[in-house]
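The data block below is protein-v6.txt; it holds compact mmCIF, C-alpha atoms.
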# COMPACT_ATOMS: atom_id res chain seq x y z
CA MET A 193 46.13 -8.82 135.21
CA SER A 194 47.31 -6.72 132.34
CA ILE A 195 50.56 -5.63 130.72
CA LEU A 196 50.47 -2.77 128.26
CA ALA A 197 53.42 -2.47 125.90
CA VAL A 198 54.27 0.72 124.07
CA HIS A 199 54.83 -0.23 120.43
CA PRO A 200 57.06 2.21 118.51
CA GLY A 201 56.85 0.04 115.38
CA ALA A 202 60.46 -0.67 114.39
CA TYR A 203 61.09 -4.19 113.13
CA TYR A 204 62.72 -5.23 116.37
CA HIS A 205 59.67 -4.08 118.30
CA ILE A 206 57.36 -5.89 115.90
CA GLU A 207 59.35 -9.11 116.19
CA SER A 208 59.58 -8.87 119.98
CA PHE A 209 55.92 -8.06 120.62
CA GLU A 210 54.06 -9.78 117.83
CA SER A 211 55.88 -13.07 117.22
CA PRO A 212 54.21 -16.03 118.92
CA ARG A 213 57.21 -16.73 121.14
CA HIS A 214 56.51 -13.81 123.49
CA ALA A 215 53.29 -12.20 122.30
CA GLY A 216 51.37 -13.70 125.22
CA TYR A 217 53.23 -11.48 127.66
CA PHE A 218 51.78 -8.30 126.17
CA ASP A 219 48.04 -8.00 126.73
CA GLN A 220 47.68 -4.78 124.82
CA LEU A 221 49.93 -2.82 122.51
CA VAL A 222 49.69 0.92 122.17
CA ARG A 223 51.43 3.29 119.83
CA PRO A 224 53.28 6.09 121.66
CA GLU A 225 51.06 8.64 119.95
CA ASP A 226 47.95 6.89 121.28
CA LEU A 227 48.95 6.82 124.95
CA GLY A 228 46.51 9.62 125.62
CA SER A 229 43.57 7.48 124.58
CA VAL A 230 44.39 4.52 126.83
CA ALA A 231 43.35 4.22 130.48
CA LEU A 232 46.79 3.40 131.88
CA GLU A 233 45.36 2.67 135.31
CA GLU A 234 43.65 -0.40 133.89
CA HIS A 235 47.06 -1.97 133.38
CA ASN A 236 49.34 -3.19 136.13
CA VAL A 237 52.44 -2.76 133.99
CA VAL A 238 53.35 -0.35 131.23
CA LEU A 239 56.38 -1.56 129.29
CA ILE A 240 58.48 0.88 127.26
CA PRO A 241 60.94 -1.10 125.13
CA CYS A 242 64.49 -0.35 124.06
CA ARG A 243 65.00 2.35 121.48
CA THR A 244 61.65 4.00 121.90
CA PRO A 245 62.26 7.50 120.52
CA ALA A 246 62.13 9.81 123.51
CA ASP A 247 60.45 12.60 121.57
CA ARG A 248 57.50 10.31 120.95
CA MET A 249 57.18 9.67 124.70
CA ALA A 250 57.93 13.12 126.10
CA PRO A 251 54.45 14.53 125.38
CA HIS A 252 53.08 11.86 127.74
CA ALA A 253 55.47 12.45 130.64
CA ALA A 254 52.79 13.91 132.92
CA ARG A 255 50.41 11.07 132.13
CA LEU A 256 53.10 8.50 132.95
CA ARG A 257 53.86 10.31 136.20
CA ALA A 258 50.19 10.26 137.18
CA TYR A 259 50.04 6.56 136.43
CA LEU A 260 53.04 5.95 138.70
CA ASP A 261 51.57 8.11 141.43
CA GLY A 262 48.49 5.93 141.26
CA GLY A 263 50.54 2.84 142.02
CA GLY A 264 51.34 1.68 138.52
CA THR A 265 54.49 -0.08 137.40
CA ILE A 266 56.60 1.02 134.46
CA VAL A 267 59.31 -1.14 132.94
CA ALA A 268 61.72 0.74 130.69
CA THR A 269 64.66 -0.89 128.92
CA GLY A 270 67.72 0.75 127.45
CA GLU A 271 68.65 3.23 124.76
CA SER A 272 65.35 5.12 125.05
CA GLU A 273 66.65 8.14 126.99
CA SER A 274 64.05 7.34 129.62
CA GLN A 275 65.24 10.22 131.78
CA LEU A 276 63.54 12.52 129.29
CA PHE A 277 60.06 11.22 130.05
CA LEU A 278 60.20 9.35 133.39
CA PRO A 279 60.82 10.93 136.81
CA GLY A 280 63.84 10.65 139.04
CA ILE A 281 66.27 9.10 136.58
CA SER A 282 69.92 10.14 136.49
CA PHE A 283 71.63 8.42 133.59
CA THR A 284 75.21 8.60 132.37
CA PRO A 285 75.85 7.16 128.92
CA GLN A 286 79.10 5.42 128.17
CA PRO A 287 80.81 4.47 124.91
CA THR A 288 79.87 0.94 124.06
CA ASN A 289 82.65 -1.58 123.60
CA PHE A 290 81.09 -4.00 121.17
CA TRP A 291 84.27 -6.05 120.99
CA TRP A 292 85.16 -6.81 124.58
CA TRP A 293 84.52 -10.51 124.11
CA LEU A 294 87.17 -10.82 121.39
CA THR A 295 89.88 -10.71 124.06
CA PRO A 296 90.36 -14.17 125.53
CA GLY A 297 89.25 -14.25 129.13
CA ALA A 298 87.78 -10.76 128.97
CA ASP A 299 85.10 -9.77 131.45
CA LEU A 300 82.57 -7.03 130.64
CA GLY A 301 82.21 -6.54 134.37
CA VAL A 302 78.46 -6.94 134.66
CA ARG A 303 77.49 -8.45 137.99
CA ILE A 304 74.28 -9.50 139.68
CA ALA A 305 74.03 -7.26 142.72
CA ALA A 306 71.09 -8.95 144.44
CA PRO A 307 71.44 -12.70 143.88
CA GLU A 308 68.62 -13.42 146.29
CA HIS A 309 66.16 -11.45 144.16
CA ALA A 310 63.45 -13.53 142.50
CA LEU A 311 64.48 -12.35 139.05
CA PHE A 312 67.73 -14.25 139.40
CA GLN A 313 65.96 -17.52 139.92
CA ARG A 314 65.41 -17.16 136.20
CA LEU A 315 68.52 -15.29 135.05
CA GLU A 316 72.24 -15.95 135.35
CA GLN A 317 75.04 -13.44 134.98
CA ARG A 318 75.68 -14.50 131.40
CA ASP A 319 72.05 -13.70 130.59
CA ILE A 320 72.54 -10.03 131.48
CA THR A 321 75.94 -9.69 129.81
CA TRP A 322 76.19 -8.38 126.27
CA HIS A 323 76.86 -4.61 125.98
CA LEU A 324 77.03 -1.66 128.32
CA HIS A 325 75.42 1.59 127.21
CA GLY A 326 75.58 3.52 130.46
CA TRP A 327 74.70 3.51 134.14
CA PHE A 328 72.30 5.14 136.56
CA ASP A 329 72.74 6.99 139.80
CA ALA A 330 69.84 5.28 141.51
CA PRO A 331 68.02 7.17 144.27
CA PRO A 332 68.60 6.15 147.89
CA GLY A 333 66.32 3.26 148.75
CA ALA A 334 66.18 1.84 145.24
CA GLU A 335 66.82 -1.87 144.86
CA ILE A 336 69.92 -2.41 142.75
CA LEU A 337 69.73 -5.66 140.81
CA ALA A 338 72.77 -5.48 138.52
CA VAL A 339 75.84 -3.28 138.19
CA ASN A 340 78.63 -2.62 135.74
CA GLY A 341 82.34 -3.16 136.35
CA GLN A 342 82.54 0.03 138.40
CA GLY A 343 79.68 -1.04 140.62
CA LYS A 344 77.26 1.42 139.00
CA PRO A 345 73.63 0.34 138.60
CA ILE A 346 72.51 -0.87 135.20
CA LEU A 347 69.30 -2.56 136.39
CA TYR A 348 67.28 -1.43 139.39
CA ILE A 349 63.84 -1.07 140.87
CA ASP A 350 62.75 2.36 142.06
CA ASP A 351 59.75 2.31 144.37
CA VAL A 352 60.78 5.43 146.25
CA THR A 353 60.50 8.23 143.70
CA THR A 354 56.76 7.73 143.20
CA ALA A 355 53.96 5.79 144.84
CA GLY A 356 54.38 3.26 142.06
CA ARG A 357 57.33 1.32 140.80
CA MET A 358 59.83 1.68 137.99
CA VAL A 359 62.00 -1.16 136.75
CA LEU A 360 64.80 0.53 134.82
CA THR A 361 67.72 -0.84 132.88
CA SER A 362 70.27 0.37 130.39
CA LEU A 363 70.29 -3.11 128.83
CA ASP A 364 68.61 -3.30 125.44
CA PRO A 365 67.23 -6.83 125.09
CA PHE A 366 64.27 -6.15 122.80
CA PHE A 367 66.48 -4.49 120.19
CA HIS A 368 68.89 -7.37 119.90
CA HIS A 369 66.39 -10.17 120.37
CA GLY A 370 64.09 -8.58 117.82
CA SER A 371 67.02 -8.38 115.42
CA HIS A 372 67.66 -12.13 115.77
CA PHE A 373 71.07 -11.10 116.87
CA MET A 374 72.24 -12.01 120.34
CA PRO A 375 71.31 -15.20 122.19
CA ALA A 376 71.97 -13.65 125.62
CA THR A 377 69.21 -11.11 124.99
CA THR A 378 66.75 -13.86 124.15
CA ARG A 379 67.72 -15.67 127.33
CA PHE A 380 67.23 -12.41 129.22
CA LEU A 381 63.69 -12.08 127.92
CA GLU A 382 62.97 -15.75 128.61
CA GLY A 383 63.70 -14.99 132.26
CA PHE A 384 62.55 -11.41 132.55
CA LEU A 385 59.16 -11.69 130.88
CA PRO A 386 57.84 -14.52 133.10
CA TRP A 387 59.08 -12.57 136.15
CA MET A 388 57.31 -9.47 134.84
CA ARG A 389 54.10 -11.45 134.47
CA ASN A 390 54.31 -13.28 137.79
CA THR A 391 55.69 -10.52 139.99
CA LEU A 392 55.11 -7.10 138.48
CA ASP A 393 51.70 -7.68 136.97
CA ARG A 394 49.97 -6.41 140.08
CA LYS A 395 49.66 -3.03 141.70
CA ALA A 396 52.84 -1.92 143.43
CA SER A 397 50.94 -1.11 146.59
CA GLN A 398 49.58 -4.65 146.95
CA MET B 133 63.45 17.71 94.05
CA SER B 134 65.55 15.97 96.63
CA VAL B 135 65.68 12.59 98.27
CA LEU B 136 63.65 12.12 101.44
CA LEU B 137 65.39 10.50 104.40
CA ILE B 138 62.92 9.43 107.07
CA HIS B 139 64.65 10.07 110.36
CA SER B 140 63.19 7.47 112.68
CA HIS B 141 65.50 7.21 115.68
CA PHE B 142 66.09 9.77 118.41
CA GLY B 143 69.52 11.27 117.84
CA ALA B 144 71.74 12.40 115.01
CA VAL B 145 71.68 10.90 111.52
CA ALA B 146 74.82 9.42 109.93
CA PRO B 147 77.34 12.14 109.01
CA GLY B 148 77.11 11.42 105.27
CA TYR B 149 73.39 12.04 105.35
CA ALA B 150 73.78 15.25 107.35
CA GLU B 151 76.31 16.56 104.80
CA ALA B 152 74.01 15.68 101.89
CA ALA B 153 71.23 17.58 103.60
CA LEU B 154 73.44 20.67 103.85
CA GLU B 155 74.09 20.35 100.12
CA GLY B 156 70.36 20.31 99.47
CA ARG B 157 70.39 16.78 98.10
CA LEU B 158 68.60 15.23 101.02
CA ALA B 159 65.51 16.30 102.93
CA ILE B 160 65.70 14.82 106.42
CA VAL B 161 62.29 14.68 108.06
CA ARG B 162 61.61 13.41 111.55
CA GLU B 163 59.25 10.49 111.15
CA ARG B 164 56.64 11.86 113.53
CA ASP B 165 56.45 15.03 111.42
CA LEU B 166 56.02 13.27 108.06
CA GLY B 167 53.23 14.43 105.79
CA PRO B 168 52.09 13.71 102.23
CA ALA B 169 53.91 16.80 100.97
CA ASP B 170 57.25 15.32 102.02
CA PHE B 171 56.65 12.38 99.68
CA ALA B 172 55.18 14.57 96.95
CA ARG B 173 58.31 16.70 96.64
CA ALA B 174 60.74 13.76 96.85
CA SER B 175 62.41 12.01 93.95
CA GLY B 176 63.57 9.16 96.14
CA LEU B 177 63.35 7.77 99.64
CA ILE B 178 65.76 6.29 102.18
CA THR B 179 64.51 4.47 105.26
CA THR B 180 66.61 3.06 108.08
CA THR B 181 66.45 0.01 110.30
CA HIS B 182 64.68 2.13 112.90
CA LEU B 183 61.75 2.89 110.60
CA ASP B 184 58.38 2.88 112.31
CA GLN B 185 56.91 0.33 109.94
CA ILE B 186 53.45 0.63 111.43
CA GLY B 187 53.58 4.37 111.04
CA LEU B 188 54.71 4.15 107.44
CA LEU B 189 51.56 2.23 106.54
CA ALA B 190 49.66 5.47 107.09
CA HIS B 191 51.71 6.96 104.26
CA ALA B 192 51.18 4.07 101.83
CA GLU B 193 49.34 6.25 99.33
CA PRO B 194 51.98 8.98 98.84
CA LEU B 195 54.71 6.32 99.09
CA THR B 196 53.11 4.35 96.26
CA ALA B 197 52.67 7.54 94.27
CA LEU B 198 56.37 8.31 94.68
CA LEU B 199 57.23 4.91 93.21
CA ASP B 200 54.57 5.14 90.50
CA ARG B 201 56.18 8.28 89.13
CA GLY B 202 59.55 6.54 88.92
CA GLY B 203 60.97 7.24 92.37
CA ARG B 204 63.48 5.01 94.07
CA TRP B 205 63.30 3.67 97.61
CA PHE B 206 66.33 2.30 99.48
CA PHE B 207 65.06 0.14 102.33
CA ASN B 208 67.28 -1.00 105.23
CA GLY B 209 66.05 -3.63 107.64
CA HIS B 210 63.60 -6.43 108.08
CA MET B 211 60.31 -6.00 106.23
CA LEU B 212 57.56 -6.92 108.65
CA ARG B 213 54.74 -4.91 107.15
CA SER B 214 53.47 -4.91 103.60
CA PHE B 215 53.98 -1.36 102.43
CA VAL B 216 53.60 -1.99 98.73
CA ALA B 217 51.92 -4.84 96.86
CA GLY B 218 54.45 -7.52 95.96
CA LEU B 219 56.65 -7.28 99.06
CA GLY B 220 57.00 -10.21 101.44
CA ARG B 221 57.83 -10.71 105.09
CA TYR B 222 61.42 -11.02 106.38
CA VAL B 223 62.69 -14.56 106.85
CA PRO B 224 65.45 -15.01 109.46
CA ILE B 225 68.04 -17.78 109.17
CA GLU B 226 67.26 -20.28 111.90
CA ALA B 227 70.18 -20.87 114.30
CA PRO B 228 72.78 -19.48 111.89
CA ARG B 229 76.36 -20.68 111.95
CA ARG B 230 79.44 -19.20 110.29
CA PRO B 231 78.83 -20.72 106.82
CA ASP B 232 75.37 -19.14 106.84
CA TYR B 233 76.98 -15.69 106.90
CA LYS B 234 79.04 -16.13 103.77
CA LEU B 235 78.22 -13.39 101.26
CA THR B 236 78.24 -13.90 97.52
CA ARG B 237 77.89 -11.21 94.86
CA LEU B 238 75.16 -12.32 92.50
CA TYR B 239 74.88 -9.19 90.37
CA GLU B 240 77.35 -6.35 89.92
CA HIS B 241 75.23 -3.48 91.09
CA PRO B 242 76.87 -0.02 90.98
CA ILE B 243 76.23 0.59 94.67
CA PHE B 244 78.79 -2.11 95.37
CA ALA B 245 81.20 -1.39 92.50
CA GLY B 246 84.77 -1.97 93.58
CA ILE B 247 83.76 -3.34 96.96
CA GLU B 248 84.37 -7.02 97.42
CA GLN B 249 81.45 -8.60 99.16
CA SER B 250 83.94 -10.51 101.31
CA GLU B 251 85.05 -7.12 102.67
CA LEU B 252 81.60 -6.59 104.09
CA GLU B 253 81.34 -10.12 105.40
CA GLU B 254 83.45 -9.63 108.51
CA ASN B 255 84.15 -6.88 110.99
CA LYS B 256 87.20 -7.41 113.18
CA GLY B 257 87.20 -10.99 112.00
CA VAL B 258 83.61 -11.57 113.08
CA ALA B 259 80.82 -12.36 110.63
CA GLY B 260 77.09 -11.95 111.08
CA PHE B 261 76.70 -8.18 111.11
CA TYR B 262 75.77 -7.75 107.48
CA GLY B 263 72.59 -9.75 107.60
CA ARG B 264 70.98 -12.78 109.13
CA GLY B 265 68.12 -13.42 106.81
CA HIS B 266 66.38 -11.97 103.79
CA ASN B 267 63.37 -10.05 102.65
CA PRO B 268 61.67 -12.26 100.06
CA LEU B 269 62.54 -11.49 96.48
CA PRO B 270 59.55 -9.92 94.72
CA GLU B 271 58.57 -11.46 91.43
CA GLY B 272 60.87 -10.08 88.77
CA ALA B 273 63.39 -8.62 91.22
CA ARG B 274 67.13 -9.16 90.83
CA ALA B 275 69.19 -10.62 93.68
CA VAL B 276 72.33 -8.55 94.24
CA ASN B 277 73.99 -10.32 97.15
CA GLY B 278 73.31 -13.79 98.48
CA ILE B 279 73.89 -15.00 102.02
CA GLY B 280 74.77 -18.50 103.11
CA PRO B 281 75.06 -21.63 100.99
CA ALA B 282 71.51 -21.19 99.69
CA LEU B 283 72.42 -17.68 98.42
CA LEU B 284 69.38 -16.16 100.07
CA PRO B 285 68.80 -12.67 98.63
CA VAL B 286 70.03 -10.45 101.47
CA ASP B 287 70.18 -7.59 98.94
CA TRP B 288 67.97 -7.16 95.91
CA VAL B 289 66.69 -4.53 93.57
CA TRP B 290 63.24 -4.53 92.08
CA ALA B 291 62.03 -2.65 89.05
CA ARG B 292 58.43 -2.42 90.11
CA PRO B 293 56.03 -3.12 87.22
CA ALA B 294 53.86 -0.15 88.19
CA GLY B 295 56.88 2.14 88.32
CA GLY B 296 59.89 2.99 90.39
CA HIS B 297 62.53 0.85 92.04
CA ILE B 298 63.02 -0.60 95.49
CA PHE B 299 66.43 -1.66 96.80
CA SER B 300 66.22 -3.90 99.84
CA HIS B 301 69.06 -4.52 102.27
CA ALA B 302 67.89 -6.96 104.95
CA GLY B 303 70.36 -6.01 107.64
CA ASN B 304 71.63 -3.11 109.69
CA ASP B 305 71.87 0.21 107.87
CA LEU B 306 74.24 -0.24 104.97
CA SER B 307 75.52 3.28 105.52
CA GLY B 308 76.68 2.23 108.97
CA MET B 309 78.83 -0.57 107.60
CA ILE B 310 82.16 0.58 108.91
CA GLY B 311 83.84 -2.79 109.11
CA ASP B 312 87.51 -3.45 108.59
CA HIS B 313 87.49 -1.65 105.26
CA GLY B 314 85.48 1.44 106.14
CA HIS B 315 83.04 1.26 103.25
CA GLY B 316 80.16 2.92 105.10
CA ALA B 317 80.87 6.44 103.86
CA VAL B 318 81.14 5.31 100.23
CA LEU B 319 77.98 3.28 100.48
CA THR B 320 76.14 6.27 101.99
CA GLN B 321 77.09 8.43 99.00
CA ARG B 322 76.08 5.74 96.56
CA ILE B 323 72.75 5.11 98.26
CA ILE B 324 71.94 8.81 97.93
CA ALA B 325 73.17 8.87 94.32
CA TRP B 326 71.08 5.80 93.50
CA CYS B 327 67.98 7.39 94.99
CA GLU B 328 68.72 10.51 92.96
CA GLY B 329 68.78 8.41 89.80
CA ARG B 330 72.45 9.11 89.21
CA LEU B 331 73.38 5.42 89.39
CA GLU B 332 72.04 2.68 87.20
CA ALA B 333 68.97 1.10 88.79

Please go through the file and, once you have read it, give me the structure as structure tokens.
Amino acid sequence: MSILAVHPGAYYHIESFESPRHAGYFDQLVRPEDLGSVALEEHNVVLIPCRTPADRMAPHAARLRAYLDGGGTIVATGESESQLFLPGISFTPQPTNFWWWLTPGADLGVRIAAPEHALFQRLEQRDITWHLHGWFDAPPGAEILAVNGQGKPILYIDDVTTAGRMVLTSLDPFFHHGSHFMPATTRFLEGFLPWMRNTLDRKASQ
Amino acid sequence: MSVLLIHSHFGAVAPGYAEAALEGRLAIVRERDLGPADFARASGLITTTHLDQIGLLAHAEPLTALLDRGGRWFFNGHMLRSFVAGLGRYVPIEAPRRPDYKLTRLYEHPIFAGIEQSELEENKGVAGFYGRGHNPLPEGARAVNGIGPALLPVDWVWARPAGGHIFSHAGNDLSGMIGDHGHGAVLTQRIIAWCEGRLEA
């Protein structure tokens, strides 16, 4: 049992990973620059949080790929340009409407696409609804968990591109939660992190 | 000498900073490429909310030297590491409500000259973007803007006894404060000017 979190060191990462509320979900923290000195295969999950600068991850792309090929699981949240350092990702950014909720009755359009999935025993639609930053063209066979208003994936599990598993989202919960900013993002983590521990913290092949 | 802007995030810097760099007033250095020489040739320093605070600790010595020789540092964000003796750890407002976001000018600092604090308080009629807590006021520092009924020092400026000045803004990047009144561009210019020593400390 082990979850390794990449720690880029911005205040929102520090608050998310180090404050007592959630620190227990991250068994080891590693700086992006130190990824080469960590035995990734000793960890069932490698978490790459929102707004991890892609140029700090890109030098480790081959190492991450090897970890996935060995059956590892990578969780990567939004605004990190994950397609620049993880395989098989096709991402289309979109302008973010930060103000959609000011219109009475407005609907951002986010929908749970797989209500039977275990994650949604812990999360409701309002817990995945804050901003949209873009969508993915998920590969055939991927499990789509949530979509935007056009039905495009914003949260999915890819266990077809590699022998391992990638949980990918364009949502950016760590950034907002770590900024003490948006209650929905805290609720998201309150559901997502226990699911990560209980479900993902094992080899994908098991 | 120019002002050093540590470029922490992946992507472009704010336009005002990019223009200042073209004018030779600002040296923009990607954080992962930072070295002691970047601090040694700087007269001032600007850091953003995306600063790798753990990484900056490795530069504590040249950072302190920059301040010791009279340099100025404009800090945006929540201080969660102790970079320089005398700094504290960010304190968020617990479960803030609208009155907790009220902003009050406590000292007429030139960075904010002519800008009503109330004009930074709301964006599209919504408050809470400016700040939601404070970095503790160092001993001897001057509170510039207070937040909430307790007037917590969301902005302060500190004439450090050992030399130099630190301006702390405990919120999103002040230069990105577009808001209803579009003050971000002006604030960007003033932040640079302050770091250059062209505005009163």

### Message
Which residue is closest to chain A? Choose from B:Pro147, B:Gly246, B:Pro228, B:Gly220 and count only C-alpha atoms.
### Response
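Under the stated criterion, the closest residue is B:Pro228.
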
### Shell of 12 Å around Ala325 of chain B, all atoms listed in the file, local chain residues under 5 positions omitted, as a list in words
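Those residues are Ser134, Val135, Gly148, Tyr149, Ala152, Arg157, Leu158, Ser175, Gly176, Leu177, Ile178, Arg204, Trp205, Phe206, Pro242, Ile243, Val318, Leu319, Thr320, Arg330, Leu331, Glu332 and Ala333 of chain B.
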
### Message
So, with all atoms listed in the file as the atoms that count, which of B:Ile323, B:Leu188, B:Ala174, B:Met133 lies closest to chain A?
### Response
B:Leu188

### Task
May I ask for the distance between atom CA of Ala258 of chain A and atom CA of Val237 of chain A, given in Å to one decimal place?
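Taking atom CA of Ala258 of chain A as the start and atom CA of Val237 of chain A as the end point, the length is 13.6 Å.
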
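Between chain A and the residues B:Phe142, B:Phe207, B:Trp288, B:Phe244, the shortest atom-to-atom distance, using all atoms listed in the file, involves B:Phe142.
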
### Message
Given the point (54.9, -4.9, 119.9) in the file's coordinates, find the residues that have an atom at most 9 Å from it, counting only C-alpha atoms, and give them as JSON, numbers by chain.
### Response
{"A": [197, 198, 199, 200, 201, 202, 204, 205, 206, 207, 208, 209, 210, 211, 215, 218, 220, 221, 222, 223, 241]}

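Selecting chain B residues within 7 Å of chain A and counting only C-alpha atoms yields His141, Phe142, His182, Leu183, Asp184, Gln185, Ile186, Gly187, His210 and Leu212 of chain B.
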
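Take atom CA of Arg274 of chain B and atom CA of Pro194 of chain B: the distance between them is 25.0 Å.
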
### Task
Give me, please, the distance in Å between atom CA of Phe283 of chain A and atom CA of Trp327 of chain A, quoted to one decimal.
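Between these atoms lies a distance of 5.8 Å.
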
### Message
So that I can see what lies close to Leu324 of chain A, please list as an NGL selection string the residues with an atom at most 9 Å from it, counting all atoms listed in the file and leaving out residues fewer than 4 positions away in the same chain.
### Response
:A and (285-290 or 300 or 302 or 340 or 346 or 362-363)

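The closest residue to Lys256 of chain B, picked from A:Phe328, A:Phe312, A:Phe366, A:Trp292 and counting only C-alpha atoms, is A:Trp292.
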
### Task
Please provide the set of residues having any atom within 6 Å of segment 263-273 of chain B, restricted to only C-alpha atoms, with same-chain residues fewer than 2 positions apart removed, written as a PyMOL selection string.
chain B and resi 218-220+222-225+261+285-286+289-290+302-303

#### Entry: Long-range neighbours of Pro251 of chain A as a list in words, 12 Å cut-off, only C-alpha atoms, 4 positions minimum in chain
Pro224, Glu225, Asp226, Leu227, Gly228, Pro245, Ala246, Asp247, Arg255, Leu256, Arg257, Leu276, Phe277 and Leu278 of chain A

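The nearest approach to Ala150 of chain B among the residues B:Gln321, B:Met211, B:Ala197, B:Ser300, with all atoms listed in the file taken into account, belongs to B:Gln321.
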
### Task
Around the point (71.4, -1.3, 107.9) in the file's coordinates, collect all residues with an atom within 7 Å, using all atoms listed in the file, and return them as an MDAnalysis selection string.
chainID B and resid 180:181 208:209 301 303:308
